[in-house]
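Enquirer: Here it is: the structure, laid out below.
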Amino acid sequence: MNLSNLDHAFVGIIADNLTGANATGALMIRRGFKTATFTGLAWPSGDVSGYACIVISTESRTLPPQVAYDNVATAARLIIKHGGRPLAKRIDSTLRGNLGSELEAVLTAIGPDSVAVVAPAFPAGGRTTRDGYHYVEGVLLAETMVRNDPLSPVTESHVPTMLAGQTRLTIGTLGLQTIRAGAVAVSEALKAATSKGARVICADAETDADITALGEGMALSGIACVAADPGPLTTAYISAVMTRPSHRTLVVTGSSVQPMARQQLDKLEDDLGARFLTVDATRLAANSGTAGLEVERAATVLAEMPAAVNVIGVRIAEPYSPVDQYAADSVAHGLAEIAARALELIPSLDSVYTNSGDIALAICRRLGAGAIEPVEEVLPLAVCGRMLGGSRPGLTIVTKGSLVGGPDAAVTCVRHTMEEVARYC
C-alpha cells in the first residue's frame, strides 16, 4: 500500500463501537483533522468530501468472530472504494472484543504487505504495556474487573499470547528499549520484523513519548502499517504520515555551553531525525563580507537537505564564547539572516524553534514581525506563538531559553510546533 500523497486523501479508522469511534475522532480533531464518525456500514448521503478523517463504527465487539471479521472487512473496503486509506483499527484499552479476527479483516483488505502494530497502552488512562504484559493502573489486566466482563471477559494479560489464540497471523514484538531509542530505531525494527513474516507486532509503551516515537517510526518505515490501539498511537501515526514532508521546522540555536542545551539538541537528532548544519560563530561575528559568506553557505546547505527530513537547523561549532556584547549580537544577527534566507529558499519551512530569546528577537526583527501572538505555553518558559506582520505573517515560532527544561524539552517544543502548524493551516 502506497502511503504517498496522503495529504490529498482522507484516512480511515475502523472502531468496534460508537463510543470508541467518537473517542478516537475527538483525538484526531485535537490534532487538527476534521473528522466524521459513521454510524453504519454504508457511505452516508450527506457530503463528507471535506473531512480528512473518516471513522467507521462496526459495532462488532461482542459479535461472533466471523461476523466481526465480515463487518470490519466491509468497513475497510468502503474506505478504500472511496479513495481513503485504512490506517487504524481502534481497539479497547482493556483488550475486549474480537482483536484477532478484526485485524485479519483489515489487513486482508489492505493487502499482503500490510502490518498491524498493536499498542493497547493509553498512559493518560492508566493503561501501560511492558514486556508484552498489559496493566491497568499498575495491575495486570487479567487481574482486574475486566476478567468478569459478562460479554467479553479477558483472562490473559500477555498481549502476544492473547493474540496468538485469536489469529493465525505471525506475531512479533517491539520492546521499550527499542522504542526509547527513537523513531529511526523503531522503523528499522519494524522492517526487520516484517522481513521475517510478522503481520501483527505487539508494542510496549508506558508514556506518551513512547507512543509518539512508535507512531513516528511506523511512518518512517514506509511499511503499510495499521495502528491498532485505543487512540493515542492512531493520532501519533496519522499525524506523522499526514504532516511529512509538507510541514517542516527550522531550528536555530546559539552556543550550547551548558551540557543540558547540548543534550536537548542531541535528542532532536535521535528522536526526530533532525539534521543540523554546524556554523562558525567567529565568521558570523567577523566583518560583513566574511559573515555574508557564512550565511550563504549555511542557507545553501540547508536548502539542499532532503525534503523528507522534517526538522533541519543550525547549531554553533563548540566551543564558542563571544568576547563582548557586540560579538554576541553579531552572531544572533547572522543566525537570523541564515533563518531568513532559509525561509526564502525552502517553501515547506513553516515553523521556527529557537533556544535563545536574543536569537528569536533577531529573527523577528529580520523578518519585520512587529509582534508575536502567544498561542500556548508548551513548557514553563517555553511559548509557542505566531508572528504578526512582516514578510512571514503567521509563521509559527517557539521561544525558549537554553536552560529551560530537561533533555526532552526541545523535542517536545518542536513536536508542538508541528501540531500547531497542522491546526493553523
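Each chain in the C-alpha cells gets a letter, A, B and so on, in the order shown; residues start at 1 in every chain, and ligands are counted from 1 in the order they appear.
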Do you have, as a tab-separated table, the list of residues of segment 82-187 of chain A lying at most 9 Å from segment 207-213 of chain A, each with its nearest atom pair and that distance in Å to one decimal, counting only C-alpha atoms and ordered by chain then number?

Expert:
residue	atom	partner	partner_atom	distance
A:Ala119	CA	A:Ile211	CA	8.2
A:Ala121	CA	A:Ile211	CA	8.2
A:Phe122	CA	A:Asp208	CA	8.0
A:Pro123	CA	A:Thr207	CA	5.6
A:Ala124	CA	A:Asp208	CA	8.0
A:Thr128	CA	A:Thr207	CA	7.7
A:Leu176	CA	A:Asp210	CA	7.7
A:Ile179	CA	A:Asp210	CA	6.2
A:Arg180	CA	A:Asp210	CA	6.4
A:Ala181	CA	A:Ala213	CA	8.6
A:Gly182	CA	A:Ala213	CA	5.7
A:Ala183	CA	A:Ala213	CA	4.9
A:Val184	CA	A:Ala213	CA	8.7
A:Val186	CA	A:Ala213	CA	7.4

Enquirer: Using N, CA, C and O atoms, can you export the residues from the last selection as an mmCIF file, in the first residue's frame?

Expert:
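again12.cif, written as the output of this step:
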data_model
loop_
_atom_site.group_PDB
_atom_site.id
_atom_site.type_symbol
_atom_site.label_atom_id
_atom_site.label_comp_id
_atom_site.auth_asym_id
_atom_site.auth_seq_id
_atom_site.Cartn_x
_atom_site.Cartn_y
_atom_site.Cartn_z
ATOM 1 N N ALA A 119 -0.816 -1.642 20.050
ATOM 2 C CA ALA A 119 -0.308 -0.919 21.211
ATOM 3 C C ALA A 119 -1.485 -0.504 22.082
ATOM 4 O O ALA A 119 -2.016 0.600 21.932
ATOM 5 N N ALA A 121 -1.637 0.491 25.018
ATOM 6 C CA ALA A 121 -1.345 1.468 26.065
ATOM 7 C C ALA A 121 -2.103 2.780 25.838
ATOM 8 O O ALA A 121 -2.229 3.249 24.711
ATOM 9 N N PHE A 122 -2.565 3.339 26.923
ATOM 10 C CA PHE A 122 -3.200 4.654 26.938
ATOM 11 C C PHE A 122 -2.762 5.311 28.243
ATOM 12 O O PHE A 122 -3.475 5.287 29.243
ATOM 13 N N PRO A 123 -1.549 5.881 28.260
ATOM 14 C CA PRO A 123 -0.975 6.373 29.525
ATOM 15 C C PRO A 123 -1.879 7.321 30.290
ATOM 16 O O PRO A 123 -1.948 7.259 31.524
ATOM 17 N N ALA A 124 -2.582 8.204 29.595
ATOM 18 C CA ALA A 124 -3.456 9.158 30.281
ATOM 19 C C ALA A 124 -4.579 8.452 31.025
ATOM 20 O O ALA A 124 -5.128 8.991 31.993
ATOM 21 N N THR A 128 -0.846 0.732 30.504
ATOM 22 C CA THR A 128 0.552 0.651 30.083
ATOM 23 C C THR A 128 0.889 -0.789 29.718
ATOM 24 O O THR A 128 0.219 -1.731 30.164
ATOM 25 N N LEU A 176 10.362 -1.845 24.888
ATOM 26 C CA LEU A 176 10.604 -0.462 25.279
ATOM 27 C C LEU A 176 12.010 0.009 24.941
ATOM 28 O O LEU A 176 12.210 1.170 24.588
ATOM 29 N N ILE A 179 11.948 1.145 21.396
ATOM 30 C CA ILE A 179 11.086 2.317 21.224
ATOM 31 C C ILE A 179 11.755 3.566 21.787
ATOM 32 O O ILE A 179 11.718 4.640 21.175
ATOM 33 N N ARG A 180 12.427 3.418 22.922
ATOM 34 C CA ARG A 180 13.061 4.582 23.541
ATOM 35 C C ARG A 180 14.389 4.954 22.880
ATOM 36 O O ARG A 180 14.986 5.977 23.224
ATOM 37 N N ALA A 181 14.812 4.151 21.925
ATOM 38 C CA ALA A 181 15.969 4.529 21.113
ATOM 39 C C ALA A 181 15.576 5.495 20.006
ATOM 40 O O ALA A 181 16.444 6.029 19.313
ATOM 41 N N GLY A 182 14.265 5.720 19.828
ATOM 42 C CA GLY A 182 13.804 6.723 18.876
ATOM 43 C C GLY A 182 13.141 6.160 17.642
ATOM 44 O O GLY A 182 13.117 4.949 17.396
ATOM 45 N N ALA A 183 12.590 7.065 16.840
ATOM 46 C CA ALA A 183 11.795 6.690 15.672
ATOM 47 C C ALA A 183 12.588 5.896 14.649
ATOM 48 O O ALA A 183 12.062 4.967 14.030
ATOM 49 N N VAL A 184 13.844 6.261 14.454
ATOM 50 C CA VAL A 184 14.652 5.539 13.468
ATOM 51 C C VAL A 184 14.830 4.084 13.895
ATOM 52 O O VAL A 184 14.719 3.158 13.080
ATOM 53 N N VAL A 186 12.830 2.362 15.815
ATOM 54 C CA VAL A 186 11.531 1.712 15.648
ATOM 55 C C VAL A 186 11.327 1.306 14.195
ATOM 56 O O VAL A 186 10.900 0.185 13.891
#

Enquirer: Please run DSSP on the backbone and report, as a ChimeraX atom specification, all residues within segment 26-225 of chain A that come out as strand (DSSP E).

Expert: /A:35-38,53-57,85-90,114-118,127-130,133-136,139-140,171-174,200-203,224-225

Enquirer: Once DSSP has gone over the backbone, tell me which residues of segment 39-214 of chain A are in helix (DSSP H, G or I), as JSON, numbers by chain.

Expert: {"A": [65, 66, 67, 68, 69, 70, 71, 72, 73, 74, 75, 76, 77, 78, 79, 80, 81, 99, 100, 101, 102, 103, 104, 105, 106, 107, 108, 109, 110, 123, 124, 125, 141, 142, 143, 145, 146, 147, 148, 159, 160, 161, 162, 163, 164, 176, 177, 178, 179, 183, 184, 185, 186, 187, 188, 189, 190, 191, 192, 193, 194, 195, 208, 209, 210, 211, 212, 213, 214]}

Enquirer: Find the distance between atom CA of Asp358 of chain A and atom CA of Ala328 of chain A and write it in Å to one decimal.

Expert: 9.0 Å

Enquirer: Pro160 of chain A: which residues within 7 Å, counting only C-alpha atoms, same-chain residues fewer than 2 positions away excluded, as a list in words?

Expert: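 Answer for this query is Gly132, His158, Met162, Leu163, Ala164, Ile171 and Cys202 of chain A.
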
Enquirer: Let me make sure I understand: among A:Val398, A:Leu250, A:Leu174, A:Leu335, which one has the smallest atom-to-atom distance to Ala203 of chain A if we use only C-alpha atoms?

Expert: A:Leu174

Enquirer: Counting only C-alpha atoms, which residues of segment 306-362 of chain A sit at most 12 Å from some atom of segment 218-223 of chain A, and what is each one's closest atom pair with its distance in Å to one decimal, listed by chain and rising residue number, as JSON lines?

Expert:
{"residue": "A:Ala308", "atom": "CA", "partner": "A:Leu220", "partner_atom": "CA", "distance": 9.4}
{"residue": "A:Val309", "atom": "CA", "partner": "A:Leu220", "partner_atom": "CA", "distance": 10.3}
{"residue": "A:Asn310", "atom": "CA", "partner": "A:Leu220", "partner_atom": "CA", "distance": 11.1}

Enquirer: Write out as number ranges by chain each polymer residue whose atoms come within 10 Å of Arg127 of chain A, counting only C-alpha atoms; drop sequence neighbours fewer than 6 positions from it.

Expert: A: 93-94, 120-121, 134-141, 205-207, 230

Enquirer: Need the shell around Ala224 of chain A: protein/DNA/RNA residues with any atom at most 10 Å away, counting only C-alpha atoms. Skip same-chain ones fewer than 6 positions apart. Format as JSON, numbers by chain?

Expert: {"A": [1, 2, 3, 85, 86, 87, 107, 110, 111, 112, 113, 114, 115, 116, 218]}

Enquirer: Considering only C-alpha atoms, state which residue in the set A:Thr161, A:Thr249, A:Ser348, A:Gln263 is at the smallest distance from Met418 of chain A.

Expert: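 Using only C-alpha atoms, the shortest distance to Met418 of chain A belongs to A:Thr249.
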
Enquirer: Suppose you want the space between atom CA of Ala227 of chain A and atom CA of Val378 of chain A; what is it in Å?

Expert: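 Spanning atom CA of Ala227 of chain A to atom CA of Val378 of chain A is a straight-line distance of 26.6 Å.
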
Enquirer: Please provide the set of residues having any atom within 6 Å of Ile54 of chain A, restricted to only C-alpha atoms, with same-chain residues fewer than 3 positions apart removed, written as a PyMOL selection string.

Expert: chain A and resi 12+35-36

Enquirer: Quick one: everything within 6 Å of segment 391-393 of chain A, counting only C-alpha atoms, minus sequence neighbours fewer than 3 positions away in the same chain. Send it as a list of chain:residue names.

Expert: A:Leu367, A:Met387, A:Leu388

Enquirer: I need the chosen residues saved as a compact mmCIF listing (two decimals), in the first residue's frame, with N, CA, C and O atoms.

Expert:
# COMPACT_ATOMS: atom_id res chain seq x y z
N LEU A 367 12.73 39.57 9.95
CA LEU A 367 11.56 39.30 9.12
C LEU A 367 10.54 40.44 9.17
O LEU A 367 9.52 40.38 8.48
N MET A 387 3.94 34.84 14.42
CA MET A 387 4.42 36.18 14.09
C MET A 387 3.30 37.02 13.49
O MET A 387 2.50 36.52 12.69
N LEU A 388 3.27 38.28 13.84
CA LEU A 388 2.30 39.23 13.30
C LEU A 388 3.05 40.25 12.45
O LEU A 388 4.03 40.86 12.90
